[in-house]
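Content type compact mmCIF, C-alpha atoms and all ligand atoms, from the file coords-v7.txt:
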# COMPACT_ATOMS: atom_id res chain seq x y z
CA MET A 1 6.72 -128.81 -75.97
CA GLU A 2 6.89 -131.21 -78.89
CA LYS A 3 4.49 -133.94 -79.79
CA LEU A 4 5.56 -137.41 -80.86
CA GLY A 5 2.37 -139.13 -81.91
CA LYS A 6 0.11 -139.03 -78.86
CA THR A 7 2.94 -138.48 -76.39
CA LYS A 8 4.04 -134.97 -75.37
CA TRP A 9 7.73 -134.23 -74.83
CA TRP A 10 8.93 -131.35 -72.67
CA SER A 11 12.62 -130.42 -72.31
CA VAL A 12 13.42 -128.95 -68.92
CA ASP A 13 16.61 -127.32 -67.70
CA ASN A 14 17.37 -128.88 -64.29
CA ASP A 15 19.24 -125.78 -63.11
CA VAL A 16 16.42 -123.27 -63.51
CA ASN A 17 15.33 -121.54 -60.31
CA ASN A 18 11.73 -121.98 -59.25
CA LEU A 19 11.11 -125.02 -61.47
CA ILE A 20 7.60 -125.41 -60.08
CA GLU A 21 6.52 -122.35 -62.11
CA ASP A 22 8.03 -123.74 -65.32
CA ASP A 23 5.36 -124.17 -68.04
CA SER A 24 6.40 -127.77 -68.74
CA ILE A 25 6.28 -128.75 -65.07
CA VAL A 26 2.88 -127.07 -64.68
CA GLU A 27 1.47 -128.92 -67.68
CA ALA A 28 2.93 -132.29 -66.63
CA ALA A 29 1.57 -131.84 -63.09
CA GLN A 30 -1.88 -130.97 -64.46
CA LEU A 31 -1.95 -134.14 -66.53
CA LEU A 32 -1.05 -136.16 -63.42
CA GLN A 33 -3.91 -134.48 -61.52
CA GLN A 34 -6.21 -135.54 -64.38
CA ASN A 35 -5.10 -139.16 -63.84
CA GLU A 36 -2.96 -139.29 -66.96
CA VAL A 37 0.48 -140.97 -66.82
CA VAL A 38 3.66 -138.97 -67.38
CA ALA A 39 7.32 -140.08 -67.31
CA PHE A 40 9.95 -137.94 -65.57
CA PRO A 41 13.56 -138.24 -64.45
CA THR A 42 14.64 -139.19 -60.94
CA GLU A 43 18.21 -139.47 -59.68
CA THR A 44 18.14 -143.25 -60.37
CA VAL A 45 16.16 -143.94 -63.58
CA TYR A 46 13.14 -142.40 -65.35
CA GLY A 47 9.83 -143.21 -63.65
CA LEU A 48 6.35 -143.51 -65.16
CA GLY A 49 4.18 -141.45 -62.79
CA GLY A 50 0.48 -141.66 -61.98
CA ASN A 51 -1.80 -140.47 -59.16
CA ALA A 52 -1.30 -142.94 -56.28
CA TYR A 53 -4.89 -142.34 -55.09
CA SER A 54 -6.48 -143.18 -58.44
CA ASP A 55 -7.21 -146.73 -59.65
CA GLU A 56 -7.70 -145.27 -63.13
CA ALA A 57 -4.19 -143.78 -63.20
CA ILE A 58 -2.60 -146.93 -61.75
CA ASN A 59 -4.35 -149.10 -64.36
CA LYS A 60 -2.85 -146.89 -67.07
CA ILE A 61 0.66 -147.43 -65.64
CA PHE A 62 0.31 -151.22 -65.65
CA ALA A 63 -1.17 -151.19 -69.16
CA ALA A 64 1.55 -148.93 -70.64
CA LYS A 65 4.35 -151.03 -69.14
CA GLY A 66 2.74 -154.41 -69.76
CA ARG A 67 3.53 -155.08 -66.11
CA PRO A 68 2.01 -158.01 -64.20
CA THR A 69 -0.55 -156.47 -61.82
CA ASP A 70 0.73 -158.46 -58.82
CA ASN A 71 3.99 -156.46 -58.81
CA PRO A 72 3.44 -153.40 -56.57
CA LEU A 73 4.67 -149.85 -57.31
CA ILE A 74 6.80 -147.32 -55.42
CA ILE A 75 5.00 -144.15 -54.29
CA HIS A 76 7.01 -140.93 -54.66
CA ILE A 77 6.56 -138.01 -52.29
CA TYR A 78 8.20 -134.64 -51.67
CA SER A 79 7.26 -133.86 -48.05
CA GLN A 80 6.85 -135.26 -44.56
CA GLU A 81 3.11 -134.40 -44.73
CA GLN A 82 2.69 -136.61 -47.77
CA LEU A 83 4.53 -139.43 -45.99
CA ASN A 84 2.06 -139.21 -43.11
CA GLU A 85 -0.81 -139.35 -45.61
CA ILE A 86 0.24 -142.58 -47.28
CA VAL A 87 1.65 -144.68 -44.42
CA ALA A 88 -0.07 -145.86 -41.25
CA SER A 89 3.06 -145.57 -39.07
CA VAL A 90 6.80 -144.87 -39.23
CA PRO A 91 8.97 -147.04 -36.94
CA LYS A 92 12.00 -145.44 -35.27
CA VAL A 93 14.53 -147.17 -37.50
CA ALA A 94 12.68 -145.89 -40.59
CA LYS A 95 12.87 -142.34 -39.22
CA GLN A 96 16.64 -142.69 -38.86
CA LEU A 97 16.99 -143.90 -42.45
CA ILE A 98 14.72 -141.13 -43.76
CA GLU A 99 16.70 -138.46 -41.92
CA THR A 100 19.96 -139.68 -43.45
CA PHE A 101 19.03 -140.79 -46.94
CA TRP A 102 16.02 -138.72 -48.11
CA PRO A 103 15.72 -137.25 -50.59
CA GLY A 104 17.62 -140.11 -52.20
CA PRO A 105 17.63 -143.62 -53.68
CA LEU A 106 16.20 -145.50 -50.71
CA THR A 107 12.69 -147.00 -50.78
CA LEU A 108 11.05 -148.05 -47.52
CA ILE A 109 8.32 -150.66 -47.20
CA LEU A 110 5.95 -149.41 -44.50
CA PRO A 111 2.39 -150.16 -43.31
CA LYS A 112 -0.03 -148.77 -45.89
CA GLY A 113 -2.33 -145.79 -45.29
CA LYS A 114 -6.00 -146.00 -46.38
CA GLN A 115 -6.09 -143.63 -49.35
CA VAL A 116 -3.43 -145.33 -51.47
CA SER A 117 -4.91 -147.29 -54.36
CA GLU A 118 -4.99 -151.04 -53.65
CA ARG A 119 -3.97 -151.54 -57.26
CA ALA A 120 -0.70 -149.67 -56.61
CA THR A 121 0.22 -151.96 -53.71
CA ALA A 122 -1.12 -155.10 -55.44
CA GLY A 123 -3.45 -155.65 -52.49
CA LEU A 124 -0.61 -155.74 -49.91
CA LYS A 125 -0.95 -154.19 -46.47
CA THR A 126 2.37 -152.42 -47.01
CA VAL A 127 3.37 -149.57 -49.29
CA ALA A 128 6.74 -148.76 -50.86
CA VAL A 129 7.68 -145.09 -50.55
CA ARG A 130 10.58 -142.83 -51.42
CA MET A 131 11.50 -139.16 -51.82
CA PRO A 132 13.56 -138.81 -55.01
CA ASN A 133 16.58 -136.53 -55.14
CA HIS A 134 16.05 -134.86 -58.50
CA PRO A 135 14.95 -131.24 -59.04
CA VAL A 136 12.51 -132.14 -61.84
CA ALA A 137 10.90 -135.00 -59.91
CA LEU A 138 10.56 -132.88 -56.77
CA ALA A 139 9.10 -129.94 -58.72
CA ILE A 140 6.50 -132.17 -60.40
CA LEU A 141 5.58 -133.77 -57.06
CA GLU A 142 5.21 -130.40 -55.37
CA ARG A 143 3.25 -128.86 -58.23
CA ALA A 144 0.87 -131.83 -58.56
CA ASN A 145 0.67 -132.08 -54.77
CA ILE A 146 -0.46 -135.70 -54.84
CA PRO A 147 1.65 -138.78 -54.07
CA ILE A 148 2.80 -140.27 -57.37
CA ALA A 149 3.21 -143.99 -58.02
CA ALA A 150 6.14 -144.46 -60.39
CA PRO A 151 7.72 -147.69 -61.55
CA SER A 152 10.69 -147.44 -63.92
CA ALA A 153 9.41 -146.09 -67.26
CA ASN A 154 10.36 -149.09 -69.44
CA ARG A 155 8.26 -151.82 -71.01
CA SER A 156 8.21 -154.67 -68.53
CA GLY A 157 11.28 -156.90 -68.96
CA LYS A 158 13.48 -154.28 -70.65
CA PRO A 159 16.40 -152.40 -69.08
CA SER A 160 15.22 -149.34 -67.14
CA PRO A 161 15.43 -145.98 -68.97
CA THR A 162 18.18 -143.52 -68.07
CA THR A 163 17.24 -140.99 -70.78
CA ALA A 164 13.93 -139.62 -72.10
CA LYS A 165 14.78 -141.23 -75.46
CA HIS A 166 14.81 -144.67 -73.82
CA VAL A 167 11.32 -143.91 -72.45
CA ILE A 168 10.05 -142.97 -75.91
CA ALA A 169 11.65 -146.06 -77.45
CA ASP A 170 9.51 -148.21 -75.14
CA LEU A 171 6.35 -146.18 -74.45
CA ASN A 172 5.69 -143.74 -77.30
CA ASP A 173 1.93 -143.32 -77.87
CA LYS A 174 1.22 -145.34 -74.71
CA ILE A 175 1.68 -142.44 -72.24
CA ALA A 176 0.51 -138.80 -72.06
CA GLY A 177 4.00 -137.31 -71.90
CA VAL A 178 7.65 -137.41 -70.90
CA VAL A 179 9.64 -134.68 -69.20
CA ASP A 180 13.23 -134.71 -70.47
CA GLY A 181 15.64 -133.65 -67.72
CA GLY A 182 18.74 -135.21 -69.26
CA ARG A 183 20.54 -138.41 -68.34
CA THR A 184 19.92 -139.73 -64.83
CA GLY A 185 22.88 -139.76 -62.44
CA ILE A 186 22.92 -143.03 -60.52
CA GLY A 187 21.70 -145.31 -63.28
CA VAL A 188 20.35 -148.21 -61.22
CA GLU A 189 17.13 -148.11 -59.18
CA SER A 190 16.69 -147.28 -55.52
CA THR A 191 17.52 -149.75 -52.76
CA VAL A 192 14.29 -151.31 -51.45
CA VAL A 193 14.24 -152.14 -47.74
CA GLN A 194 11.62 -153.86 -45.66
CA ILE A 195 11.13 -152.56 -42.13
CA ASP A 196 9.89 -155.10 -39.64
CA GLY A 197 9.93 -153.68 -36.13
CA GLU A 198 13.57 -152.67 -35.76
CA ASN A 199 14.77 -155.18 -38.40
CA VAL A 200 15.82 -153.88 -41.78
CA THR A 201 16.09 -156.24 -44.79
CA ILE A 202 17.29 -155.29 -48.26
CA LEU A 203 14.83 -156.67 -50.84
CA ARG A 204 16.52 -155.04 -53.83
CA PRO A 205 20.07 -153.66 -53.80
CA GLY A 206 20.37 -150.21 -55.37
CA GLY A 207 21.68 -146.66 -55.13
CA ILE A 208 22.21 -146.73 -51.35
CA THR A 209 24.62 -149.50 -50.36
CA ARG A 210 24.30 -151.97 -47.49
CA GLU A 211 27.48 -150.45 -46.05
CA GLN A 212 25.87 -146.98 -46.00
CA ILE A 213 22.76 -148.33 -44.27
CA GLU A 214 24.83 -150.22 -41.70
CA THR A 215 26.78 -147.11 -40.70
CA ILE A 216 23.48 -145.61 -39.57
CA ILE A 217 21.55 -148.52 -38.04
CA GLY A 218 24.10 -151.29 -37.42
CA LYS A 219 23.23 -154.75 -38.79
CA CYS A 220 21.05 -154.91 -41.89
CA HIS A 221 19.84 -158.18 -43.45
CA VAL A 222 19.83 -159.08 -47.12
CA HIS A 223 16.89 -161.07 -48.47
CA GLU A 224 17.83 -164.50 -49.83
CA SER A 225 16.44 -163.66 -53.27
CA VAL A 226 19.22 -161.08 -53.62
CA LEU A 227 21.94 -163.62 -52.83
CA THR A 228 21.88 -165.59 -56.10
CA ASP A 229 23.83 -168.81 -56.04
CA ILE A 230 25.88 -168.66 -59.22
CA HIS A 231 26.58 -172.40 -59.07
CA SER A 232 22.95 -173.48 -59.25
CA PRO A 233 20.98 -173.28 -62.51
CA GLN A 234 18.58 -170.34 -62.61
CA SER A 235 14.91 -171.13 -62.34
CA PRO A 236 13.45 -171.01 -65.86
CA GLY A 237 10.86 -168.47 -64.70
CA MET A 238 13.63 -165.97 -63.99
CA LYS A 239 14.94 -166.03 -67.53
CA TYR A 240 14.32 -163.11 -69.90
CA THR A 241 12.12 -161.42 -67.38
CA HIS A 242 14.24 -158.45 -66.26
CA TYR A 243 16.50 -155.77 -67.72
CA ALA A 244 17.12 -158.06 -70.68
CA PRO A 245 18.69 -157.01 -74.00
CA LEU A 246 17.41 -158.78 -77.15
CA ALA A 247 20.47 -161.04 -77.58
CA PRO A 248 21.22 -163.66 -74.90
CA LEU A 249 23.60 -162.33 -72.25
CA TYR A 250 26.33 -164.49 -70.68
CA VAL A 251 27.97 -163.15 -67.54
CA VAL A 252 31.45 -164.57 -66.99
CA TYR A 253 32.93 -164.88 -63.53
CA GLY A 254 36.69 -165.19 -63.38
CA ASN A 255 39.48 -163.73 -65.45
CA GLU A 256 39.86 -162.45 -68.99
CA HIS A 257 41.08 -165.86 -70.06
CA ARG A 258 37.58 -167.34 -69.50
CA LEU A 259 36.09 -164.59 -71.63
CA HIS A 260 38.49 -165.30 -74.48
CA GLU A 261 37.53 -168.99 -74.33
CA TRP A 262 33.84 -168.16 -74.62
CA ILE A 263 34.40 -165.68 -77.42
CA ALA A 264 36.25 -168.39 -79.37
CA LYS A 265 33.50 -170.93 -78.65
CA GLU A 266 30.72 -168.64 -79.84
CA ARG A 267 32.59 -167.47 -82.92
CA ALA A 268 33.29 -171.09 -83.87
CA LYS A 269 29.48 -171.50 -84.02
CA GLY A 270 29.37 -168.57 -86.46
CA HIS A 271 27.85 -166.23 -83.88
CA ARG A 272 28.44 -162.48 -83.89
CA VAL A 273 29.78 -161.70 -80.42
CA GLY A 274 29.35 -158.50 -78.41
CA ILE A 275 31.46 -157.82 -75.33
CA LEU A 276 30.40 -155.74 -72.33
CA THR A 277 33.54 -154.48 -70.65
CA THR A 278 34.99 -151.30 -69.14
CA THR A 279 37.35 -148.60 -70.42
CA GLU A 280 40.31 -150.46 -68.87
CA ASN A 281 39.81 -153.59 -71.02
CA VAL A 282 38.23 -152.20 -74.14
CA ASN A 283 41.22 -153.16 -76.33
CA ALA A 284 41.72 -156.58 -74.75
CA TYR A 285 39.13 -158.48 -76.81
CA LYS A 286 38.74 -159.51 -80.43
CA ALA A 287 34.99 -159.65 -80.96
CA ASP A 288 32.39 -158.22 -83.34
CA ARG A 289 31.44 -155.38 -81.03
CA VAL A 290 33.13 -154.29 -77.80
CA LEU A 291 31.32 -151.71 -75.65
CA ALA A 292 32.85 -150.06 -72.60
CA CYS A 293 30.44 -149.50 -69.75
CA GLY A 294 32.15 -147.05 -67.38
CA SER A 295 35.41 -147.67 -65.56
CA ARG A 296 36.22 -150.56 -63.26
CA SER A 297 38.19 -148.22 -60.99
CA GLU A 298 34.96 -146.26 -60.27
CA LEU A 299 32.01 -148.69 -60.16
CA SER A 300 29.47 -145.84 -59.93
CA THR A 301 30.30 -145.07 -63.58
CA VAL A 302 29.42 -148.68 -64.52
CA ALA A 303 26.06 -148.31 -62.75
CA GLU A 304 25.47 -145.02 -64.56
CA GLN A 305 25.96 -146.55 -68.01
CA LEU A 306 24.77 -150.13 -67.50
CA TYR A 307 21.20 -149.88 -68.87
CA ALA A 308 22.17 -147.60 -71.76
CA THR A 309 24.90 -150.10 -72.74
CA LEU A 310 22.48 -153.05 -72.61
CA ARG A 311 20.05 -151.05 -74.77
CA GLN A 312 22.89 -150.14 -77.18
CA PHE A 313 23.51 -153.84 -77.86
CA ASP A 314 19.95 -154.06 -79.25
CA ARG A 315 21.16 -151.83 -82.09
CA GLU A 316 24.41 -153.70 -82.70
CA ASN A 317 23.34 -156.84 -84.56
CA VAL A 318 25.05 -159.35 -82.28
CA ASP A 319 23.92 -162.94 -81.61
CA VAL A 320 25.25 -163.11 -78.10
CA ILE A 321 26.60 -160.66 -75.50
CA ILE A 322 29.39 -161.76 -73.18
CA SER A 323 29.88 -159.60 -70.10
CA GLU A 324 32.63 -159.26 -67.54
CA SER A 325 31.53 -159.47 -63.90
CA PHE A 326 32.15 -156.96 -61.11
CA PRO A 327 33.09 -157.20 -57.44
CA LYS A 328 30.00 -157.51 -55.25
CA GLU A 329 30.93 -154.61 -53.02
CA GLY A 330 29.26 -151.23 -52.60
CA ILE A 331 27.29 -150.32 -55.73
CA GLY A 332 28.77 -153.48 -57.36
CA VAL A 333 26.09 -155.49 -55.53
CA ALA A 334 23.33 -153.65 -57.44
CA ILE A 335 25.24 -153.90 -60.74
CA MET A 336 25.70 -157.68 -60.40
CA ASN A 337 22.08 -158.13 -59.26
CA ARG A 338 20.85 -156.50 -62.50
CA LEU A 339 23.34 -158.37 -64.70
CA GLU A 340 22.39 -161.71 -63.12
CA LYS A 341 18.69 -161.01 -63.64
CA ALA A 342 19.33 -160.01 -67.25
CA ALA A 343 21.56 -163.03 -67.91
CA THR A 344 20.58 -166.12 -69.89
CA LYS A 345 23.65 -167.93 -68.58
CA MET A 346 26.20 -167.38 -65.85
CA ILE A 347 29.60 -168.85 -66.55
CA VAL A 348 31.69 -169.78 -63.53
O1 LIG B 401 14.69 -145.98 -58.37
C1 LIG B 401 13.56 -146.48 -58.35
O2 LIG B 401 13.12 -147.08 -57.37
C2 LIG B 401 12.67 -146.26 -59.60
C3 LIG B 401 12.42 -144.77 -59.74
C4 LIG B 401 11.47 -144.46 -60.87
O3 LIG B 401 11.95 -144.24 -58.52
N1 LIG B 401 11.45 -147.01 -59.47
C5 LIG B 401 11.41 -148.37 -59.57
O4 LIG B 401 10.14 -148.91 -59.48
O5 LIG B 401 12.40 -149.04 -59.70
P1 LIG B 401 9.80 -150.41 -59.96
O6 LIG B 401 8.31 -150.48 -59.94
O7 LIG B 401 10.46 -150.68 -61.24
O8 LIG B 401 10.34 -151.30 -58.80
C6 LIG B 401 9.64 -151.36 -57.57
C7 LIG B 401 10.17 -152.50 -56.71
C8 LIG B 401 9.73 -153.82 -57.26
O9 LIG B 401 10.79 -154.75 -57.10
C9 LIG B 401 8.54 -154.16 -56.34
O10 LIG B 401 8.32 -155.55 -56.27
C10 LIG B 401 9.00 -153.58 -55.02
O11 LIG B 401 9.65 -152.38 -55.38
N2 LIG B 401 7.85 -153.26 -54.12
C11 LIG B 401 6.93 -152.29 -54.28
N3 LIG B 401 6.02 -152.31 -53.28
C12 LIG B 401 6.38 -153.30 -52.45
C13 LIG B 401 5.85 -153.83 -51.23
N4 LIG B 401 4.76 -153.32 -50.65
N5 LIG B 401 6.51 -154.86 -50.65
C14 LIG B 401 7.64 -155.39 -51.22
N6 LIG B 401 8.17 -154.93 -52.38
C15 LIG B 401 7.57 -153.91 -52.98
MG MG B 402 11.48 -151.60 -62.88

Would you write out, as structure tokens, the structure that this file holds?
Amino acid sequence: MEKLGKTKWWSVDNDVNNLIEDDSIVEAAQLLQQNEVVAFPTETVYGLGGNAYSDEAINKIFAAKGRPTDNPLIIHIYSQEQLNEIVASVPKVAKQLIETFWPGPLTLILPKGKQVSERATAGLKTVAVRMPNHPVALAILERANIPIAAPSANRSGKPSPTTAKHVIADLNDKIAGVVDGGRTGIGVESTVVQIDGENVTILRPGGITREQIETIIGKCHVHESVLTDIHSPQSPGMKYTHYAPLAPLYVVYGNEHRLHEWIAKERAKGHRVGILTTTENVNAYKADRVLACGSRSELSTVAEQLYATLRQFDRENVDVIISESFPKEGIGVAIMNRLEKAATKMIV
């Protein structure tokens, strides 16, 4: 264990057998039981965990993140027993999804059980719940043996953290500790689905695709807030609120030619231009900084590196970032959802 200011840092080897006996896991779990907040890796992004039954712990999460208190949290569990503790009922369609996708990046919105802190659900009658597929997260959950509320472990508005270093960059001294289990695999957050009777609606696209869900349950709806209309101006309230790098981000739909036009336009204004592209096109642009974010031929690699690349631009001294766009298929839906939320401008 190391100490960075007030925040403890434990490095954990994900491959160790019997992780729940590991000293770092034991210590992190104890802090959670004492209603402290601790960040840990999941298969999607790092989460900032706190006891889901404790108002005190939940308040600490909101304070550390600077998160508006009307935005509810996801509760993380490791067992069926814990699920039964925190939800009032589990509809048939939810059972099917759980059987197929848990542990994994799928969050279900279900009727809330009594014990869960009202602060965690922002006063709603529903609760968001998921079982993460990461050995460190599961070991901490089992060792602490309490359901753990865990939003992404970033300051509100910033890209989510995919390494423990990202967590420290945002939350050092604001949290009790961070468990470093290396870089997270999927890179974008879980898919959030609402269950209403037998109807399933995607509220946030993520690690499990609509196509995957539909193979199991047939038709699945997508909430209108996910289907951004790129031709209409964004509402001002949406700007700079999510996943945003420091420099304004322009997302360009269409071919390379459009990107070249915008690079020229920005450079003519004397702006230093950063380009977010993929390995395939990394030599195609003349700009001040060109960063490759995964490979277009394998969109999961773009998802994996997206947040780290957006964070990298904060260290690159650019005035504007111009990004390519990606096909809205499979994991591409989640990638484009995050880029559109992070964007200052979308160029059609
Ligand atoms: O992959 C993930 O889901 C990560 C890791 C750490 O598990 N967590 C995460 O949490 O992304 P957060 O707090 O950053 O996002 C939670 C999302 C928000 O969009 C929130 O509005 C929604 O889930 N949510 C939570 N409870 C809800 C509820 N009862 N009804 C509707 N939406 C809810
Ligand atoms: Mg988040």

Spatial neighbours of A:Pro72, max dist 8 Å, all atoms listed in the file, sep filter under 6 positions, as a list in words: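 Final neighbour list, sorted by chain and number: Arg119, Ala120, Thr121 and Ala122 of chain A.
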
Counting only C-alpha atoms and all ligand atoms, what are the residues of chain A within 8 Å of ligand MG 402 (chain B), and for each of them which pair of atoms is the nearest and at what distance in Å, to one decimal? Sort the table by chain and rising number, as JSON lines.
{"residue": "A:Pro151", "atom": "CA", "partner": "B:MG402", "partner_atom": "MG", "distance": 5.6}
{"residue": "A:Ser152", "atom": "CA", "partner": "B:MG402", "partner_atom": "MG", "distance": 4.4}
{"residue": "A:Ala153", "atom": "CA", "partner": "B:MG402", "partner_atom": "MG", "distance": 7.3}
{"residue": "A:Asn154", "atom": "CA", "partner": "B:MG402", "partner_atom": "MG", "distance": 7.1}
{"residue": "A:Ser156", "atom": "CA", "partner": "B:MG402", "partner_atom": "MG", "distance": 7.2}
{"residue": "A:Pro159", "atom": "CA", "partner": "B:MG402", "partner_atom": "MG", "distance": 8.0}
{"residue": "A:Ser160", "atom": "CA", "partner": "B:MG402", "partner_atom": "MG", "distance": 6.1}
{"residue": "A:Glu189", "atom": "CA", "partner": "B:MG402", "partner_atom": "MG", "distance": 7.6}

Expected selection as a ChimeraX atom specification for ligand LIG 401 (chain B) within 8 Å, all atoms listed in the file: /A:41-48,71-74,76,105-107,109-110,120-122,124-130,132,150-153,160,188-192,194,203-204,206-207

Dump of C-alpha atoms for the selected residues, as an mmCIF file, keeping the file's coordinate frame:
data_model
loop_
_atom_site.group_PDB
_atom_site.id
_atom_site.type_symbol
_atom_site.label_atom_id
_atom_site.label_comp_id
_atom_site.auth_asym_id
_atom_site.auth_seq_id
_atom_site.Cartn_x
_atom_site.Cartn_y
_atom_site.Cartn_z
ATOM 1 C CA PRO A 41 13.560 -138.240 -64.450
ATOM 2 C CA THR A 42 14.640 -139.190 -60.940
ATOM 3 C CA GLU A 43 18.210 -139.470 -59.680
ATOM 4 C CA THR A 44 18.140 -143.250 -60.370
ATOM 5 C CA VAL A 45 16.160 -143.940 -63.580
ATOM 6 C CA TYR A 46 13.140 -142.400 -65.350
ATOM 7 C CA GLY A 47 9.830 -143.210 -63.650
ATOM 8 C CA LEU A 48 6.350 -143.510 -65.160
ATOM 9 C CA ASN A 71 3.990 -156.460 -58.810
ATOM 10 C CA PRO A 72 3.440 -153.400 -56.570
ATOM 11 C CA LEU A 73 4.670 -149.850 -57.310
ATOM 12 C CA ILE A 74 6.800 -147.320 -55.420
ATOM 13 C CA HIS A 76 7.010 -140.930 -54.660
ATOM 14 C CA PRO A 105 17.630 -143.620 -53.680
ATOM 15 C CA LEU A 106 16.200 -145.500 -50.710
ATOM 16 C CA THR A 107 12.690 -147.000 -50.780
ATOM 17 C CA ILE A 109 8.320 -150.660 -47.200
ATOM 18 C CA LEU A 110 5.950 -149.410 -44.500
ATOM 19 C CA ALA A 120 -0.700 -149.670 -56.610
ATOM 20 C CA THR A 121 0.220 -151.960 -53.710
ATOM 21 C CA ALA A 122 -1.120 -155.100 -55.440
ATOM 22 C CA LEU A 124 -0.610 -155.740 -49.910
ATOM 23 C CA LYS A 125 -0.950 -154.190 -46.470
ATOM 24 C CA THR A 126 2.370 -152.420 -47.010
ATOM 25 C CA VAL A 127 3.370 -149.570 -49.290
ATOM 26 C CA ALA A 128 6.740 -148.760 -50.860
ATOM 27 C CA VAL A 129 7.680 -145.090 -50.550
ATOM 28 C CA ARG A 130 10.580 -142.830 -51.420
ATOM 29 C CA PRO A 132 13.560 -138.810 -55.010
ATOM 30 C CA ALA A 150 6.140 -144.460 -60.390
ATOM 31 C CA PRO A 151 7.720 -147.690 -61.550
ATOM 32 C CA SER A 152 10.690 -147.440 -63.920
ATOM 33 C CA ALA A 153 9.410 -146.090 -67.260
ATOM 34 C CA SER A 160 15.220 -149.340 -67.140
ATOM 35 C CA VAL A 188 20.350 -148.210 -61.220
ATOM 36 C CA GLU A 189 17.130 -148.110 -59.180
ATOM 37 C CA SER A 190 16.690 -147.280 -55.520
ATOM 38 C CA THR A 191 17.520 -149.750 -52.760
ATOM 39 C CA VAL A 192 14.290 -151.310 -51.450
ATOM 40 C CA GLN A 194 11.620 -153.860 -45.660
ATOM 41 C CA LEU A 203 14.830 -156.670 -50.840
ATOM 42 C CA ARG A 204 16.520 -155.040 -53.830
ATOM 43 C CA GLY A 206 20.370 -150.210 -55.370
ATOM 44 C CA GLY A 207 21.680 -146.660 -55.130
#

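Distances to A:Met1 were evaluated for A:Leu246, A:Val178, A:Ala139, A:Ile186 using only C-alpha atoms, and the minimum falls at A:Val178.
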
Might you pull out every residue within 10 Å of A:Trp262, with all atoms listed in the file counted and same-chain residues fewer than 6 positions away left off, and present them as number ranges by chain? A: 250, 252, 268, 273, 322, 347

I need the chosen residues saved as a tab-separated table (two decimals), keeping the file's coordinate frame, with C-alpha atoms.
chain	number	residue	atom	x	y	z
A	250	TYR	CA	26.33	-164.49	-70.68
A	252	VAL	CA	31.45	-164.57	-66.99
A	268	ALA	CA	33.29	-171.09	-83.87
A	273	VAL	CA	29.78	-161.70	-80.42
A	322	ILE	CA	29.39	-161.76	-73.18
A	347	ILE	CA	29.60	-168.85	-66.55

Centre, edges in Å (one decimal): axis-aligned box, stretch 260-276 of chain A, 3 Å padding on all six sides, as JSON:
{"center_x": 33.2, "center_y": -163.6, "center_z": -79.4, "size_x": 16.6, "size_y": 21.8, "size_z": 20.1}

Tell me which protein, DNA and RNA residues are within 8 Å of A:Val320, counting only C-alpha atoms, leaving out same-chain ones fewer than 4 positions away, and put them as an MDAnalysis selection string. chainID A and resid 247:250 266 271:274

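The spacing separating atom CA of A:Val179 from atom CA of A:Leu32 amounts to 12.2 Å.
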
Grab the atom CA of A:Val318 to atom CA of A:Arg155 distance for me, in Å with one decimal place.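 That distance, rounded to one decimal, is 21.6 Å.
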
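The spacing separating atom CA of A:Gln33 from atom CA of A:Ser54 amounts to 9.6 Å.
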
Taking all atoms listed in the file into account, name the residue in A:Lys269, A:Thr309, A:Ile321, A:Asn17 that is nearest to A:Asp288. A:Ile321

Which residue of A:Ala29, A:Leu306, A:Ala88, A:Val16 approaches A:Gly177 most closely, using only C-alpha atoms: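 For A:Gly177, the nearest of the given residues is A:Ala29.
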
If we count only C-alpha atoms, what is near A:Arg258 at a cut-off of 12 Å, once residues fewer than 3 positions away on the same chain are taken out, given as a list in words?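 The contact residues come out as Tyr250, Val251, Val252, Tyr253, Gly254, Asn255, Glu261, Trp262, Ile263, Ala264, Lys265, Tyr285, Ile322, Ser323, Glu324, Ser325, Met346, Ile347 and Val348 of chain A.
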
May I have the residues within 8 Å of A:His223 as a VMD selection string, using all atoms listed in the file and disregarding those fewer than 4 positions away in the same chain? chain A and resid 201 to 203 227

When distances are computed from only C-alpha atoms, which of A:Ser295, A:Thr100, A:Asn199, A:Asn35 shows the smallest separation from A:Met131?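 Comparing A:Ser295, A:Thr100, A:Asn199, A:Asn35 against A:Met131, the winner is A:Thr100.
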
Counting all atoms listed in the file, the residue of A:Ala176, A:Ala334, A:Ala343, A:Val93 that sits nearest A:Val226: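 Answer, going by the shortest atom-to-atom distance: A:Ala334.
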
Up to 10 Å from (24.1, -154.5, -61.6) in the file's coordinates: name the residues, counting all atoms listed in the file, as a tab-separated table (two decimals) with C-alpha atoms, in the coordinates of the input.
chain	number	residue	atom	x	y	z
A	187	GLY	CA	21.70	-145.31	-63.28
A	188	VAL	CA	20.35	-148.21	-61.22
A	189	GLU	CA	17.13	-148.11	-59.18
A	205	PRO	CA	20.07	-153.66	-53.80
A	206	GLY	CA	20.37	-150.21	-55.37
A	243	TYR	CA	16.50	-155.77	-67.72
A	299	LEU	CA	32.01	-148.69	-60.16
A	302	VAL	CA	29.42	-148.68	-64.52
A	303	ALA	CA	26.06	-148.31	-62.75
A	306	LEU	CA	24.77	-150.13	-67.50
A	307	TYR	CA	21.20	-149.88	-68.87
A	325	SER	CA	31.53	-159.47	-63.90
A	326	PHE	CA	32.15	-156.96	-61.11
A	328	LYS	CA	30.00	-157.51	-55.25
A	331	ILE	CA	27.29	-150.32	-55.73
A	332	GLY	CA	28.77	-153.48	-57.36
A	333	VAL	CA	26.09	-155.49	-55.53
A	334	ALA	CA	23.33	-153.65	-57.44
A	335	ILE	CA	25.24	-153.90	-60.74
A	336	MET	CA	25.70	-157.68	-60.40
A	337	ASN	CA	22.08	-158.13	-59.26
A	338	ARG	CA	20.85	-156.50	-62.50
A	339	LEU	CA	23.34	-158.37	-64.70
A	340	GLU	CA	22.39	-161.71	-63.12
A	341	LYS	CA	18.69	-161.01	-63.64
A	342	ALA	CA	19.33	-160.01	-67.25
